[in-house]
Each structure stands twice: as C-alpha cells, then as structure tokens.
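Visitor: Next up, data_15.pdb (PDB, C-alpha atoms).
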ATOM      1  CA  MET A  14      10.527  -9.736  12.678
ATOM      2  CA  ARG A  15       9.620  -9.995   9.027
ATOM      3  CA  LEU A  16       7.228  -7.387   7.634
ATOM      4  CA  LEU A  17       5.266  -8.197   4.473
ATOM      5  CA  LEU A  18       3.809  -5.087   2.850
ATOM      6  CA  ILE A  19       1.120  -6.143   0.394
ATOM      7  CA  ARG A  20      -0.703  -3.963  -2.085
ATOM      8  CA  HIS A  21      -4.357  -4.875  -2.537
ATOM      9  CA  GLY A  22      -5.540  -6.709  -5.639
ATOM     10  CA  GLU A  23      -6.818  -4.832  -8.647
ATOM     11  CA  SER A  24      -9.915  -2.761  -7.925
ATOM     12  CA  VAL A  25     -12.631  -1.770 -10.364
ATOM     13  CA  ALA A  26     -11.175   1.764 -10.386
ATOM     14  CA  ASN A  27      -7.650   0.437 -11.041
ATOM     15  CA  ALA A  28      -8.997  -1.343 -14.094
ATOM     16  CA  GLU A  29     -10.560   1.922 -15.293
ATOM     17  CA  GLY A  30      -7.418   3.983 -14.644
ATOM     18  CA  ARG A  31      -9.063   6.123 -11.959
ATOM     19  CA  LEU A  32      -7.345   7.685  -8.951
ATOM     20  CA  GLN A  33      -8.991   6.358  -5.804
ATOM     21  CA  GLY A  34      -7.609   7.899  -2.639
ATOM     22  CA  HIS A  35     -10.225   7.283   0.058
ATOM     23  CA  LEU A  36     -12.963   6.165  -2.354
ATOM     24  CA  ASP A  37     -14.263   2.769  -1.241
ATOM     25  CA  ILE A  38     -14.008   0.732  -4.444
ATOM     26  CA  PRO A  39     -14.245  -3.089  -4.399
ATOM     27  CA  LEU A  40     -11.971  -5.589  -6.084
ATOM     28  CA  SER A  41     -12.470  -6.491  -9.717
ATOM     29  CA  ASP A  42     -12.807 -10.136 -10.737
ATOM     30  CA  ARG A  43      -9.119 -10.054 -11.652
ATOM     31  CA  GLY A  44      -8.319  -8.542  -8.254
ATOM     32  CA  ARG A  45     -10.087 -11.370  -6.436
ATOM     33  CA  ARG A  46      -8.108 -13.929  -8.432
ATOM     34  CA  GLN A  47      -4.907 -12.055  -7.604
ATOM     35  CA  ALA A  48      -5.832 -12.220  -3.913
ATOM     36  CA  GLU A  49      -6.383 -15.976  -4.155
ATOM     37  CA  LEU A  50      -2.938 -16.469  -5.713
ATOM     38  CA  LEU A  51      -1.450 -14.169  -3.093
ATOM     39  CA  ALA A  52      -3.026 -16.270  -0.340
ATOM     40  CA  ASP A  53      -1.437 -19.406  -1.794
ATOM     41  CA  ARG A  54       1.914 -17.616  -1.838
ATOM     42  CA  LEU A  55       1.621 -16.572   1.815
ATOM     43  CA  ALA A  56       0.326 -19.929   3.109
ATOM     44  CA  PRO A  57       3.748 -21.516   3.766
ATOM     45  CA  LEU A  58       5.371 -18.376   5.199
ATOM     46  CA  GLY A  59       4.142 -18.723   8.780
ATOM     47  CA  VAL A  60       2.293 -15.401   8.930
ATOM     48  CA  GLN A  61       1.273 -14.772  12.545
ATOM     49  CA  ALA A  62      -0.676 -11.516  12.279
ATOM     50  CA  LEU A  63      -2.631  -9.803   9.514
ATOM     51  CA  TYR A  64      -3.451  -6.090   9.334
ATOM     52  CA  THR A  65      -5.406  -4.198   6.703
ATOM     53  CA  SER A  66      -6.622  -0.832   5.568
ATOM     54  CA  PRO A  67     -10.411  -0.677   6.017
ATOM     55  CA  LEU A  68     -10.982   0.358   2.387
ATOM     56  CA  LEU A  69     -12.845  -2.356   0.457
ATOM     57  CA  ARG A  70     -10.082  -3.094  -2.045
ATOM     58  CA  ALA A  71      -7.595  -3.810   0.771
ATOM     59  CA  LYS A  72     -10.055  -5.386   3.194
ATOM     60  CA  GLY A  73     -11.400  -7.668   0.459
ATOM     61  CA  THR A  74      -7.863  -8.804  -0.336
ATOM     62  CA  ALA A  75      -7.074  -9.361   3.344
ATOM     63  CA  GLU A  76     -10.248 -11.366   3.912
ATOM     64  CA  ILE A  77      -9.358 -13.754   1.078
ATOM     65  CA  VAL A  78      -5.863 -14.150   2.546
ATOM     66  CA  ALA A  79      -7.261 -14.577   6.060
ATOM     67  CA  GLY A  80      -9.597 -17.341   4.895
ATOM     68  CA  CYS A  81      -6.623 -19.282   3.566
ATOM     69  CA  LEU A  82      -4.345 -18.640   6.538
ATOM     70  CA  GLY A  83      -6.927 -19.013   9.289
ATOM     71  CA  LEU A  84      -6.078 -15.638  10.808
ATOM     72  CA  PRO A  85      -8.210 -12.767  12.114
ATOM     73  CA  VAL A  86      -7.912  -9.449  10.300
ATOM     74  CA  GLU A  87      -7.199  -6.255  12.239
ATOM     75  CA  GLU A  88      -8.260  -3.045  10.518
ATOM     76  CA  ARG A  89      -6.133   0.076  10.917
ATOM     77  CA  PRO A  90      -7.557   3.328   9.449
ATOM     78  CA  ALA A  91      -4.040   4.794   9.353
ATOM     79  CA  LEU A  92      -3.207   2.247   6.622
ATOM     80  CA  MET A  93      -5.621   3.908   4.161
ATOM     81  CA  GLU A  94      -4.282   5.358   0.924
ATOM     82  CA  ARG A  95      -3.401   9.037   0.646
ATOM     83  CA  ASN A  96      -6.474  11.263   0.607
ATOM     84  CA  VAL A  97      -6.463  12.927  -2.805
ATOM     85  CA  GLY A  98      -9.467  15.123  -2.150
ATOM     86  CA  GLU A  99     -11.241  16.381  -5.258
ATOM     87  CA  LEU A 100      -9.055  14.226  -7.528
ATOM     88  CA  ALA A 101     -10.740  11.031  -6.314
ATOM     89  CA  GLY A 102     -12.478   9.119  -9.075
ATOM     90  CA  LEU A 103     -10.814  10.967 -11.939
ATOM     91  CA  THR A 104      -8.687   9.566 -14.755
ATOM     92  CA  ARG A 105      -5.316  11.095 -15.624
ATOM     93  CA  ASP A 106      -6.806  12.942 -18.597
ATOM     94  CA  GLU A 107      -9.649  14.285 -16.466
ATOM     95  CA  ILE A 108      -7.174  15.505 -13.851
ATOM     96  CA  ILE A 109      -5.065  17.313 -16.461
ATOM     97  CA  THR A 110      -8.173  18.987 -17.874
ATOM     98  CA  ARG A 111      -9.828  19.996 -14.616
ATOM     99  CA  PHE A 112      -6.731  20.656 -12.478
ATOM    100  CA  PRO A 113      -3.961  21.727 -14.892
ATOM    101  CA  ARG A 114      -1.668  22.906 -12.093
ATOM    102  CA  TYR A 115      -1.645  19.541 -10.329
ATOM    103  CA  MET A 116       0.905  17.636 -12.458
ATOM    104  CA  PRO A 117       3.510  20.441 -12.491
ATOM    105  CA  ALA A 118       3.138  20.946  -8.734
ATOM    106  CA  ARG A 119       3.622  17.213  -8.052
ATOM    107  CA  ALA A 120       6.689  17.021 -10.298
ATOM    108  CA  GLU A 121       8.228  20.084  -8.633
ATOM    109  CA  LEU A 122       7.383  18.825  -5.108
ATOM    110  CA  ARG A 123       5.261  21.878  -4.346
ATOM    111  CA  PRO A 124       2.183  21.844  -2.083
ATOM    112  CA  ILE A 125      -0.972  20.717  -3.857
ATOM    113  CA  GLU A 126      -3.661  23.373  -3.822
ATOM    114  CA  ILE A 127      -6.613  21.014  -4.114
ATOM    115  CA  GLU A 128      -9.356  20.739  -1.515
ATOM    116  CA  GLY A 129      -8.839  17.722   0.733
ATOM    117  CA  PHE A 130      -5.452  16.681  -0.680
ATOM    118  CA  GLU A 131      -3.142  15.132   1.943
ATOM    119  CA  GLN A 132       0.222  16.854   1.600
ATOM    120  CA  ASP A 133       3.508  14.945   1.436
ATOM    121  CA  ALA A 134       4.763  15.683   4.958
ATOM    122  CA  GLU A 135       1.428  14.848   6.563
ATOM    123  CA  PHE A 136       1.089  11.626   4.606
ATOM    124  CA  ALA A 137       4.673  10.528   5.285
ATOM    125  CA  GLN A 138       4.215  11.035   9.022
ATOM    126  CA  ARG A 139       0.991   9.001   9.014
ATOM    127  CA  VAL A 140       2.750   6.155   7.209
ATOM    128  CA  LYS A 141       5.703   6.269   9.586
ATOM    129  CA  ASP A 142       3.498   6.216  12.690
ATOM    130  CA  ALA A 143       1.157   3.511  11.395
ATOM    131  CA  LEU A 144       3.890   1.035  10.525
ATOM    132  CA  ALA A 145       6.006   1.880  13.581
ATOM    133  CA  ALA A 146       3.029   0.909  15.751
ATOM    134  CA  ILE A 147       2.732  -2.465  14.013
ATOM    135  CA  ILE A 148       6.473  -3.115  14.163
ATOM    136  CA  GLY A 149       6.499  -2.151  17.834
ATOM    137  CA  ALA A 150       3.767  -4.676  18.619
ATOM    138  CA  HIS A 151       5.720  -7.652  17.228
ATOM    139  CA  ALA A 152       9.167  -8.496  18.520
ATOM    140  CA  GLN A 153       9.503 -11.439  16.176
ATOM    141  CA  GLY A 154       7.618 -13.551  13.667
ATOM    142  CA  THR A 155       6.093 -12.689  10.300
ATOM    143  CA  VAL A 156       3.449  -9.979   9.996
ATOM    144  CA  ALA A 157       1.446  -9.182   6.849
ATOM    145  CA  VAL A 158      -0.004  -5.738   6.144
ATOM    146  CA  VAL A 159      -2.492  -5.347   3.289
ATOM    147  CA  THR A 160      -2.494  -1.719   2.268
ATOM    148  CA  HIS A 161      -2.029   0.607  -0.724
ATOM    149  CA  GLY A 162       0.682   1.541  -3.183
ATOM    150  CA  GLY A 163       1.192   4.997  -1.731
ATOM    151  CA  ILE A 164       1.711   3.631   1.781
ATOM    152  CA  ILE A 165       4.256   1.042   0.620
ATOM    153  CA  PHE A 166       6.111   3.501  -1.581
ATOM    154  CA  SER A 167       6.327   6.065   1.232
ATOM    155  CA  PHE A 168       7.609   3.489   3.752
ATOM    156  CA  CYS A 169      10.248   2.285   1.292
ATOM    157  CA  ARG A 170      11.351   5.821   0.518
ATOM    158  CA  GLN A 171      11.637   6.754   4.185
ATOM    159  CA  THR A 172      13.258   3.510   5.329
ATOM    160  CA  LEU A 173      15.794   3.401   2.496
ATOM    161  CA  ARG A 174      16.397   7.167   2.762
ATOM    162  CA  MET A 175      15.620   7.734  -0.873
ATOM    163  CA  PRO A 176      15.177  11.262  -2.220
ATOM    164  CA  THR A 177      11.680  12.270  -3.237
ATOM    165  CA  VAL A 178      11.461  12.352  -7.019
ATOM    166  CA  ARG A 179       8.540  12.080  -9.419
ATOM    167  CA  PRO A 180       7.951   9.863 -11.174
ATOM    168  CA  GLY A 181       9.265   7.401  -8.592
ATOM    169  CA  PRO A 182      12.078   4.958  -9.381
ATOM    170  CA  PHE A 183      10.035   1.767  -8.919
ATOM    171  CA  ALA A 184       6.489   0.431  -9.130
ATOM    172  CA  VAL A 185       4.253  -1.123  -6.481
ATOM    173  CA  GLU A 186       1.857  -3.347  -8.403
ATOM    174  CA  ASN A 187      -1.462  -4.871  -7.384
ATOM    175  CA  ALA A 188      -1.092  -7.916  -5.098
ATOM    176  CA  SER A 189       2.675  -7.438  -4.894
ATOM    177  CA  VAL A 190       4.708  -8.311  -1.801
ATOM    178  CA  THR A 191       7.469  -6.053  -0.492
ATOM    179  CA  THR A 192       9.414  -7.616   2.370
ATOM    180  CA  PHE A 193      11.515  -6.069   5.116
ATOM    181  CA  ASP A 194      13.435  -7.791   7.902
ATOM    182  CA  ILE A 195      13.271  -5.604  11.002
ATOM    183  CA  VAL A 196      15.798  -5.840  13.826
ATOM    184  CA  ARG A 197      14.425  -4.038  16.850
ATOM    185  CA  GLY A 198      16.597  -2.079  19.237
ATOM    186  CA  GLU A 199      17.161   1.471  20.379
ATOM    187  CA  THR A 200      17.122   2.336  16.686
ATOM    188  CA  PRO A 201      15.284  -0.351  14.640
ATOM    189  CA  ARG A 202      17.163  -1.490  11.549
ATOM    190  CA  ALA A 203      15.313  -2.546   8.396
ATOM    191  CA  THR A 204      16.694  -4.610   5.512
ATOM    192  CA  LEU A 205      14.819  -4.771   2.217
ATOM    193  CA  VAL A 206      14.427  -8.412   1.127
ATOM    194  CA  THR A 207      11.996  -8.195  -1.812
ATOM    195  CA  LEU A 208      10.539  -5.228  -3.683
ATOM    196  CA  ASN A 209       7.290  -5.412  -5.650
ATOM    197  CA  ASP A 210       7.446  -9.215  -5.852
ATOM    198  CA  THR A 211       4.689 -10.523  -8.128
ATOM    199  CA  CYS A 212       6.079 -13.944  -9.076
ATOM    200  CA  HIS A 213       2.960 -15.600  -7.633
ATOM    201  CA  LEU A 214       0.907 -13.838 -10.335
ATOM    202  CA  ASP A 215       2.851 -15.306 -13.260
ATOM    203  CA  GLY A 216       0.480 -16.484 -15.958
ATOM    204  CA  LEU A 217      -2.521 -14.551 -14.689
TER     205      LEU A 217
END
Here is a file; write its structure as structure tokens.
Guide:
Amino acid sequence: MRLLLIRHGESVANAEGRLQGHLDIPLSDRGRRQAELLADRLAPLGVQALYTSPLLRAKGTAEIVAGCLGLPVEERPALMERNVGELAGLTRDEIITRFPRYMPARAELRPIEIEGFEQDAEFAQRVKDALAAIIGAHAQGTVAVVTHGGIIFSFCRQTLRMPTVRPGPFAVENASVTTFDIVRGETPRATLVTLNDTCHLDGL
C-alpha cells in the first residue's frame, strides 16, 4: 500500500509563530488555500481512504480534501499533535522567558519538566501504534492521513531508524506530502518515496 502523510495547512497559530500542541486552532485563509491546492494534487492519485486528526487545523484540511475526492473522513484521536502542556499557545520568545530550562532540555534529549508535556518515548509509541493500525487495515491501495508535523517527523525517524537529534535534519511544512510505500509481511517494510513534498504549493 501507499501511505500519504500530510501535514495540515497553515493555522492561525502557525501564522503567529505559536506552539499549538492540543490547542484547537482553525486554518488561516492561507491554510485553506493550501488545502485546496493539496486536494487538486491528490485528486488523480486514487486515494481510497482518508484519516485525520480531530484537531480543527487537520480536520479542516481533510474536509477540503474529502470534498474534492468524494471520500468520507475518519477521525483518529491518536493522530493528534504532541501534547505540549503549559507551552501551548506560546511563541518561542515567550517559552524562553517563562520556561528557560525547556530549550536546553530538548537539545540534550532530557525529560521535559513541564506540566502536561508528552515525553518522547510516550509520543513515539503513540505515533507507532496509530499508524500501524492504519497500515494494518489496508493491504493495498493508497491511503491519506492528515495529521501534524510532529507525528510525521516521528514516524519518519522511527521508520528510517534515524537518531534523535535537535534540531531535526529536515522540515515538515504545512500542506506537505510525505509518501511511503509499505510492503506488508511478517515484518512490514517501508520505502520513503517523497519527503516534505510541497510542489503543489508553488506560487502560493
């Protein structure tokens, strides 16, 4: 099967440079246009199933895509972004001021001592289980998953067996498509086809 991992379009908080986590922030006007261009890109690809995070920025993107493709949307709470606890809604400068130990701890891969923050191991396991369930439900065909940058980055890191480093070695941009071909078997094998593909957004 072919797995399309799609980051939601730009949200209002993305435009303001604010960390979102589980905050339910809608798409910006630019994000809605990105979703429309994304839908046009996906239209000829024969997508057979469409999953989404229930957060507004992902669900709004998926609904625009679904309207173009004529598909139902299945929400999966496990596809939500990492819970960042008390950091939600803050800009980078606000985080540095209010939580000065956060940036060093992230860079050094230490546990984050912030109320409600979803630690690396817990988050990675959620990502692994969520996408394994979707892969397991589709023996073949093309499946699209509208989710968040953290989810896509974690799946790529785990699947490609990349070491955890910060900052990460690649970006996952709004409305980008990252594609894996999955061969199922006793041990599923995944091949990366595209990473952070945004060619459909050229000129926006």
Visitor: Applied to this file, what does the PyMOL selection byres ((chain A and resi 51) around 12) return in terms of residues, put as a VMD selection string?
Guide: chain A and resid 17 19 to 22 44 to 50 52 to 58 74 to 82 157 159 187 to 190 210 to 215 217
Visitor: Could you state the separation of CA of Arg123 (chain A) and CA of Gln171 (chain A) in Å, given to one decimal place?
Guide: 18.5 Å
Visitor: Between A:Phe166, A:Tyr115, A:Tyr64, A:Phe183, which has the minimum distance to Leu84 (chain A) (counting all atoms listed in the file)?
Guide: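 Closest to Leu84 (chain A) of all the choices is A:Tyr64.
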Visitor: Using the chain letters and numbers from the file, which residues does the PyMOL selection byres ((chain A and resi 129-138) around 7) grab, as an NGL selection string?
Guide: :A and (95-99 or 124-125 or 127-128 or 139-142 or 167)
Visitor: If you measure from CA of Arg179 (chain A) to CA of Arg119 (chain A), what distance in Å do you get, rounded to one decimal?
Guide: 7.2 Å
Visitor: Please fill the gaps in region 75-107 of chain A so it has N, CA and C atoms, and write that as a JSON list (two decimals), keeping the file's coordinate frame.
Guide:
[["chain", "number", "residue", "atom", "x", "y", "z"],
["A", 75, "ALA", "N", -7.48, -8.79, 2.06],
["A", 75, "ALA", "CA", -7.07, -9.36, 3.34],
["A", 75, "ALA", "C", -8.02, -10.48, 3.78],
["A", 76, "GLU", "N", -9.29, -10.33, 3.50],
["A", 76, "GLU", "CA", -10.25, -11.37, 3.91],
["A", 76, "GLU", "C", -10.03, -12.66, 3.13],
["A", 77, "ILE", "N", -9.67, -12.56, 1.86],
["A", 77, "ILE", "CA", -9.36, -13.75, 1.08],
["A", 77, "ILE", "C", -8.10, -14.42, 1.63],
["A", 78, "VAL", "N", -7.10, -13.62, 1.95],
["A", 78, "VAL", "CA", -5.86, -14.15, 2.55],
["A", 78, "VAL", "C", -6.16, -14.78, 3.90],
["A", 79, "ALA", "N", -6.95, -14.09, 4.72],
["A", 79, "ALA", "CA", -7.26, -14.58, 6.06],
["A", 79, "ALA", "C", -7.99, -15.92, 6.01],
["A", 80, "GLY", "N", -8.88, -16.08, 5.03],
["A", 80, "GLY", "CA", -9.60, -17.34, 4.89],
["A", 80, "GLY", "C", -8.67, -18.51, 4.62],
["A", 81, "CYS", "N", -7.62, -18.24, 3.88],
["A", 81, "CYS", "CA", -6.62, -19.28, 3.57],
["A", 81, "CYS", "C", -5.70, -19.56, 4.75],
["A", 82, "LEU", "N", -5.33, -18.49, 5.46],
["A", 82, "LEU", "CA", -4.34, -18.64, 6.54],
["A", 82, "LEU", "C", -4.96, -18.94, 7.89],
["A", 83, "GLY", "N", -6.27, -18.78, 8.00],
["A", 83, "GLY", "CA", -6.93, -19.01, 9.29],
["A", 83, "GLY", "C", -6.59, -17.98, 10.34],
["A", 84, "LEU", "N", -6.45, -16.72, 9.89],
["A", 84, "LEU", "CA", -6.08, -15.64, 10.81],
["A", 84, "LEU", "C", -7.19, -14.61, 10.90],
["A", 85, "PRO", "N", -7.32, -13.92, 12.05],
["A", 85, "PRO", "CA", -8.21, -12.77, 12.11],
["A", 85, "PRO", "C", -7.57, -11.58, 11.40],
["A", 86, "VAL", "N", -8.39, -10.65, 10.98],
["A", 86, "VAL", "CA", -7.91, -9.45, 10.30],
["A", 86, "VAL", "C", -8.12, -8.25, 11.21],
["A", 87, "GLU", "N", -7.08, -7.48, 11.44],
["A", 87, "GLU", "CA", -7.20, -6.26, 12.24],
["A", 87, "GLU", "C", -7.14, -5.05, 11.32],
["A", 88, "GLU", "N", -8.20, -4.24, 11.34],
["A", 88, "GLU", "CA", -8.26, -3.04, 10.52],
["A", 88, "GLU", "C", -7.56, -1.88, 11.21],
["A", 89, "ARG", "N", -6.81, -1.12, 10.43],
["A", 89, "ARG", "CA", -6.13, 0.08, 10.92],
["A", 89, "ARG", "C", -6.43, 1.23, 9.95],
["A", 90, "PRO", "N", -7.25, 2.20, 10.34],
["A", 90, "PRO", "CA", -7.56, 3.33, 9.45],
["A", 90, "PRO", "C", -6.33, 4.07, 8.96],
["A", 91, "ALA", "N", -5.26, 4.08, 9.75],
["A", 91, "ALA", "CA", -4.04, 4.79, 9.35],
["A", 91, "ALA", "C", -3.35, 4.15, 8.16],
["A", 92, "LEU", "N", -3.78, 2.93, 7.78],
["A", 92, "LEU", "CA", -3.21, 2.25, 6.62],
["A", 92, "LEU", "C", -3.93, 2.59, 5.32],
["A", 93, "MET", "N", -4.91, 3.50, 5.37],
["A", 93, "MET", "CA", -5.62, 3.91, 4.16],
["A", 93, "MET", "C", -4.70, 4.66, 3.22],
["A", 94, "GLU", "N", -5.05, 4.65, 1.95],
["A", 94, "GLU", "CA", -4.28, 5.36, 0.92],
["A", 94, "GLU", "C", -4.30, 6.86, 1.20],
["A", 95, "ARG", "N", -3.41, 7.58, 0.55],
["A", 95, "ARG", "CA", -3.40, 9.04, 0.65],
["A", 95, "ARG", "C", -4.77, 9.59, 0.25],
["A", 96, "ASN", "N", -5.24, 10.56, 0.98],
["A", 96, "ASN", "CA", -6.47, 11.26, 0.61],
["A", 96, "ASN", "C", -6.13, 12.24, -0.51],
["A", 97, "VAL", "N", -6.75, 12.06, -1.66],
["A", 97, "VAL", "CA", -6.46, 12.93, -2.80],
["A", 97, "VAL", "C", -7.56, 13.96, -3.05],
["A", 98, "GLY", "N", -8.47, 14.07, -2.08],
["A", 98, "GLY", "CA", -9.47, 15.12, -2.15],
["A", 98, "GLY", "C", -10.29, 15.08, -3.42],
["A", 99, "GLU", "N", -10.39, 16.23, -4.08],
["A", 99, "GLU", "CA", -11.24, 16.38, -5.26],
["A", 99, "GLU", "C", -10.75, 15.60, -6.48],
["A", 100, "LEU", "N", -9.56, 15.03, -6.41],
["A", 100, "LEU", "CA", -9.06, 14.23, -7.53],
["A", 100, "LEU", "C", -9.64, 12.81, -7.54],
["A", 101, "ALA", "N", -10.24, 12.40, -6.43],
["A", 101, "ALA", "CA", -10.74, 11.03, -6.31],
["A", 101, "ALA", "C", -11.76, 10.72, -7.40],
["A", 102, "GLY", "N", -11.56, 9.59, -8.05],
["A", 102, "GLY", "CA", -12.48, 9.12, -9.07],
["A", 102, "GLY", "C", -12.15, 9.58, -10.48],
["A", 103, "LEU", "N", -11.13, 10.41, -10.62],
["A", 103, "LEU", "CA", -10.81, 10.97, -11.94],
["A", 103, "LEU", "C", -9.72, 10.16, -12.64],
["A", 104, "THR", "N", -9.77, 10.14, -13.97],
["A", 104, "THR", "CA", -8.69, 9.57, -14.76],
["A", 104, "THR", "C", -7.57, 10.61, -14.90],
["A", 105, "ARG", "N", -6.43, 10.16, -15.41],
["A", 105, "ARG", "CA", -5.32, 11.10, -15.62],
["A", 105, "ARG", "C", -5.72, 12.23, -16.56],
["A", 106, "ASP", "N", -6.39, 11.90, -17.65],
["A", 106, "ASP", "CA", -6.81, 12.94, -18.60],
["A", 106, "ASP", "C", -7.79, 13.92, -17.96],
["A", 107, "GLU", "N", -8.69, 13.41, -17.14],
["A", 107, "GLU", "CA", -9.65, 14.28, -16.47],
["A", 107, "GLU", "C", -8.95, 15.21, -15.47]]
